[in-house]
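Report on the structure given below.
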Amino acid sequence: MKNKLLIAHRWKILGWLLAVPAFIGGISFALFNFPDYLQVTVPEWLAHFIWIESFMSDTPNPTIYLLDEVIALSLLIGLLLLAFSKEKVEDEWIQQVRLESFQWAFLVNSLLLMAFIVLAHESPFLSVMVYNMFTPLLIFVARFYYVLYLKPLFSKN
Amino acid sequence: MKNTIRVERAILNISQAELADRVQVTRQTINAIELEKYAPSAVLAMKIARVFGRRVEEVFALEEGD
């Protein structure tokens, strides 16, 4: 069975190199209120095209901090590379684990979201939505690699 | 689906990894099939039976509920 959406195995290394530091950085950023770095001043022509808080959009050259954007993009790109790169031997059982893991991720993510719709309100719910940007891919990657590489270590052969 | 892969491997004295190599899948796939957690495709079932010099029905059998 050919899966046209998958990319070459070699992209997996870049996936780990982007996702792991970005995950650690993202957690640190969220938990320890890291100061935002990478300050840039948006040129006037570009300020018309990007979506910034309303109180800033009146200034011709708004200032934004890019560290959180860099972390978020690195995490998403890294997780996508991990999710969509082939295994060394991409056989039919691995294809099945891949499919099951996507279903798992979709289901667990929806259940978590439903729980937090009830449990979190106002500003904490905003935090939930931030985490929720990454949870589908995180759950997929965790479940896929657990079944492929960790579970066989625990099961009697 | 039941199978006799473990027995057939013992007769040929080959490991899961060797069988996996011969039918071009991963060792984990052979393990999942042996543990009856995964039913292989017709193509893979035929390849495995061919390695053992058996017919597919001699290696794989339907269970109740299949």
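Residues are referred to by chain and number: the chain letter is A, B, ... according to the order shown in the structure tokens, the number counts from 1 in that chain, and ligands are numbered separately from 1 in the order shown.
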
Contact residues (chain A, partner chain B, 8 Å, only C-alpha atoms) as a list in words: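 Residues satisfying the distance criterion: Val89, Glu90, Asp91, Glu92, Trp93, Ile94, Leu148, Pro152 and Asn157 of chain A.
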
For the residues selected in the previous step, produce a file with C-alpha atoms as a PDB file, in the first residue's frame.
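Final output, selection03.pdb:
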ATOM      1  CA  VAL A  89      10.844  -0.101   6.359  1.00  0.00           C
ATOM      2  CA  GLU A  90       7.344   1.285   5.966  1.00  0.00           C
ATOM      3  CA  ASP A  91       5.320  -1.935   5.887  1.00  0.00           C
ATOM      4  CA  GLU A  92       1.620  -2.719   6.216  1.00  0.00           C
ATOM      5  CA  TRP A  93       1.586  -3.133  10.013  1.00  0.00           C
ATOM      6  CA  ILE A  94       3.306   0.250  10.444  1.00  0.00           C
ATOM      7  CA  LEU A 148       6.510   0.983  17.432  1.00  0.00           C
ATOM      8  CA  PRO A 152       7.684  -4.205  22.210  1.00  0.00           C
ATOM      9  CA  ASN A 157       8.056 -12.059  23.061  1.00  0.00           C
TER      10      ASN A 157
END

Shell of 9 Å around Lys86 (chain A), only C-alpha atoms, local chain residues under 2 positions omitted, as JSON, numbers by chain: {"A": [6, 7, 8, 9, 10, 11, 12, 82, 83, 84, 88, 89, 90]}

Who sits within 12 Å of Ile117 (chain A), only C-alpha atoms, same chain under 3 positions skipped, as a PyMOL selection string: chain A and resi 110-114+120-122+124-129+132

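The interatomic distance for the pair CA of Val20 (chain A) and CA of Val42 (chain A) works out to 29.4 Å.
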
Every residue of region 38-126 of chain A that DSSP places in helix (DSSP H, G or I), as a ChimeraX atom specification: /A:44-47,54-57,67-84,92-119,122-126

Pick from A:Ile27, A:Gln96, A:Tyr146, A:Pro43 nearest to Val130 (chain A), counting only C-alpha atoms: A:Ile27
